[in-house]
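> This is the structure, below, for whatever I ask next.
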Amino acid sequence: MTKKVGIYTRVSTLDQTIDNQLIELRDHCSKMGWEIVKEYADEGLSGTLSRDKRPALNSLIKDAYRKRFDSVVCWDISRIGRSMKELILFLSDMKDRGIGICSVRQGFDTSTSMGEIMFQFVGILSSWEREMIRERTLAGLERAKREGKTLGRRKVTNDTMTAKILELRNEKNPFVRLR
């Protein structure tokens, strides 16, 4: 009996593409003799978002509950989630329903006991890596503030424009609309 799989891909920004992930995942499934039931893709969405804010992941989970496939195939475990809480919740949900998880890049499949241990270990490392990036970013922002650098978006107004805006606001003219 052929193993039925759902493929999940995700990229964090809209200027990235899922194409490279799909090529590798389709090739892997073909080599393994697996039937791809459906491909799920979240584009422009962070892995730190919860499942309800990622429509394709949410759809994949619903289809898993309906037993439409035997396993979820992803390119990298970080595509499923960057939050340890979300990864554990996802793994637990899939395990409860007898759905395996295969990460092509890390080379494991949770349908085996060693694969499940590897999945959890890689999830821990992924979460730790995300926290390290966060800490370095915050340290860099703090250093920039100490150096007196202005953070955030550049002003798009000049002093004349700001004065005019304040003048119009103070007039409280009902015919003047501010956008």
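A note on labels: chains of the structure tokens are A, B, ... as shown, every chain counts residues from 1, and ligands are counted from 1 in their shown order.
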Using only C-alpha atoms, find each residue in range 65-146 of chain A having at least one atom no more than 12 Å away from range 152-157 of chain A; report its shortest atom-to-atom pair and that distance in Å (one decimal), rows by chain then rising number, as CSV.

residue,atom,partner,partner_atom,distance
A:Leu141,CA,A:Gly152,CA,10.3
A:Ala144,CA,A:Gly152,CA,11.3
A:Lys145,CA,A:Gly152,CA,11.1
> What parts of range 4-49 of chain A does DSSP call strand (DSSP E)? I'd like the answer as a ChimeraX atom specification.
/A:4-11,35-43
> Just the selected residues (N, CA and C atoms), exported as an mmCIF file, in the first residue's frame, please.

data_model
loop_
_atom_site.group_PDB
_atom_site.id
_atom_site.type_symbol
_atom_site.label_atom_id
_atom_site.label_comp_id
_atom_site.auth_asym_id
_atom_site.auth_seq_id
_atom_site.Cartn_x
_atom_site.Cartn_y
_atom_site.Cartn_z
ATOM 1 N N LYS A 4 0.410 7.793 1.759
ATOM 2 C CA LYS A 4 -0.162 9.060 1.311
ATOM 3 C C LYS A 4 0.373 10.172 2.201
ATOM 4 N N VAL A 5 0.813 11.262 1.556
ATOM 5 C CA VAL A 5 1.423 12.354 2.310
ATOM 6 C C VAL A 5 0.833 13.711 1.935
ATOM 7 N N GLY A 6 0.923 14.618 2.894
ATOM 8 C CA GLY A 6 0.628 16.027 2.657
ATOM 9 C C GLY A 6 1.936 16.778 2.769
ATOM 10 N N ILE A 7 2.206 17.658 1.822
ATOM 11 C CA ILE A 7 3.444 18.448 1.836
ATOM 12 C C ILE A 7 3.130 19.814 2.433
ATOM 13 N N TYR A 8 3.999 20.281 3.358
ATOM 14 C CA TYR A 8 3.829 21.621 3.929
ATOM 15 C C TYR A 8 5.070 22.456 3.650
ATOM 16 N N THR A 9 4.844 23.658 3.089
ATOM 17 C CA THR A 9 5.930 24.613 2.839
ATOM 18 C C THR A 9 5.557 25.954 3.457
ATOM 19 N N ARG A 10 6.591 26.729 3.809
ATOM 20 C CA ARG A 10 6.353 28.066 4.360
ATOM 21 C C ARG A 10 7.572 28.936 4.104
ATOM 22 N N VAL A 11 7.311 30.197 3.765
ATOM 23 C CA VAL A 11 8.361 31.221 3.713
ATOM 24 C C VAL A 11 7.873 32.406 4.533
ATOM 25 N N GLU A 35 2.593 8.906 -2.381
ATOM 26 C CA GLU A 35 1.589 9.664 -3.135
ATOM 27 C C GLU A 35 1.317 10.983 -2.419
ATOM 28 N N ILE A 36 1.496 12.077 -3.155
ATOM 29 C CA ILE A 36 1.208 13.396 -2.586
ATOM 30 C C ILE A 36 -0.286 13.657 -2.734
ATOM 31 N N VAL A 37 -0.978 13.753 -1.600
ATOM 32 C CA VAL A 37 -2.420 13.988 -1.591
ATOM 33 C C VAL A 37 -2.714 15.467 -1.809
ATOM 34 N N LYS A 38 -1.944 16.332 -1.125
ATOM 35 C CA LYS A 38 -2.158 17.769 -1.237
ATOM 36 C C LYS A 38 -0.901 18.510 -0.796
ATOM 37 N N GLU A 39 -0.702 19.697 -1.394
ATOM 38 C CA GLU A 39 0.404 20.574 -1.004
ATOM 39 C C GLU A 39 -0.189 21.788 -0.297
ATOM 40 N N TYR A 40 0.374 22.117 0.854
ATOM 41 C CA TYR A 40 -0.090 23.237 1.672
ATOM 42 C C TYR A 40 1.040 24.250 1.754
ATOM 43 N N ALA A 41 0.745 25.533 1.483
ATOM 44 C CA ALA A 41 1.802 26.546 1.472
ATOM 45 C C ALA A 41 1.344 27.815 2.178
ATOM 46 N N ASP A 42 2.133 28.247 3.155
ATOM 47 C CA ASP A 42 1.935 29.550 3.802
ATOM 48 C C ASP A 42 3.063 30.447 3.325
ATOM 49 N N GLU A 43 2.697 31.535 2.671
ATOM 50 C CA GLU A 43 3.713 32.451 2.146
ATOM 51 C C GLU A 43 3.605 33.801 2.837
#
> For range 84-122 of chain A versus range 72-80 of chain A, which residues have an atom no more than 8 Å away, and what is each residue's nearest atom pair and distance in Å rounded to one decimal, using only C-alpha atoms, chain-then-number order, as JSON lines?

{"residue": "A:Leu87", "atom": "CA", "partner": "A:Ile80", "partner_atom": "CA", "distance": 7.0}
{"residue": "A:Ile99", "atom": "CA", "partner": "A:Val72", "partner_atom": "CA", "distance": 7.1}
{"residue": "A:Gly100", "atom": "CA", "partner": "A:Val72", "partner_atom": "CA", "distance": 6.2}
{"residue": "A:Ile101", "atom": "CA", "partner": "A:Val72", "partner_atom": "CA", "distance": 4.8}
{"residue": "A:Cys102", "atom": "CA", "partner": "A:Val73", "partner_atom": "CA", "distance": 4.7}
{"residue": "A:Ser103", "atom": "CA", "partner": "A:Cys74", "partner_atom": "CA", "distance": 5.0}
{"residue": "A:Val104", "atom": "CA", "partner": "A:Trp75", "partner_atom": "CA", "distance": 5.1}
{"residue": "A:Arg105", "atom": "CA", "partner": "A:Asp76", "partner_atom": "CA", "distance": 5.3}
{"residue": "A:Gln106", "atom": "CA", "partner": "A:Asp76", "partner_atom": "CA", "distance": 6.6}
{"residue": "A:Phe119", "atom": "CA", "partner": "A:Ile77", "partner_atom": "CA", "distance": 7.7}
{"residue": "A:Val122", "atom": "CA", "partner": "A:Ile77", "partner_atom": "CA", "distance": 7.4}
> Between CA of Ser126 in chain A and CA of Arg82 in chain A, what is the distance, to one decimal in Å?
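CA of Arg82 in chain A lies 6.3 Å from CA of Ser126 in chain A.
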> Could you check the closest approach to Lys62 in chain A for each of A:Met94, A:Thr2, A:Ile88, A:His28 and tell me which residue wins, using only C-alpha atoms?
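Ranked by minimum distance to Lys62 in chain A, first place goes to A:Met94.
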> Calculated over only C-alpha atoms, which of the candidates A:Arg130, A:Lys3, A:Arg66, A:Lys164 has the smallest distance to Thr48 in chain A?
A:Arg130
> Enumerate, as a ChimeraX atom specification, the complete set of residues in range 8-172 of chain A that a backbone-based DSSP assignment places in alpha helix (DSSP H).
/A:19-32,55-65,77-80,84-96,113-146,159-171
> Quick one: distance from CA of Asn58 in chain A to CA of Ser127 in chain A in Å, one decimal?
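If I compute the distance from CA of Asn58 in chain A to CA of Ser127 in chain A, I get 20.7 Å.
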> So that I can check the surroundings of Leu49 in chain A, please list as a ChimeraX atom specification every protein, DNA and RNA residue that reaches within 10 Å of it, counting only C-alpha atoms and ignoring chain neighbours fewer than 3 positions away.
/A:45-46,52-54,81-83,86
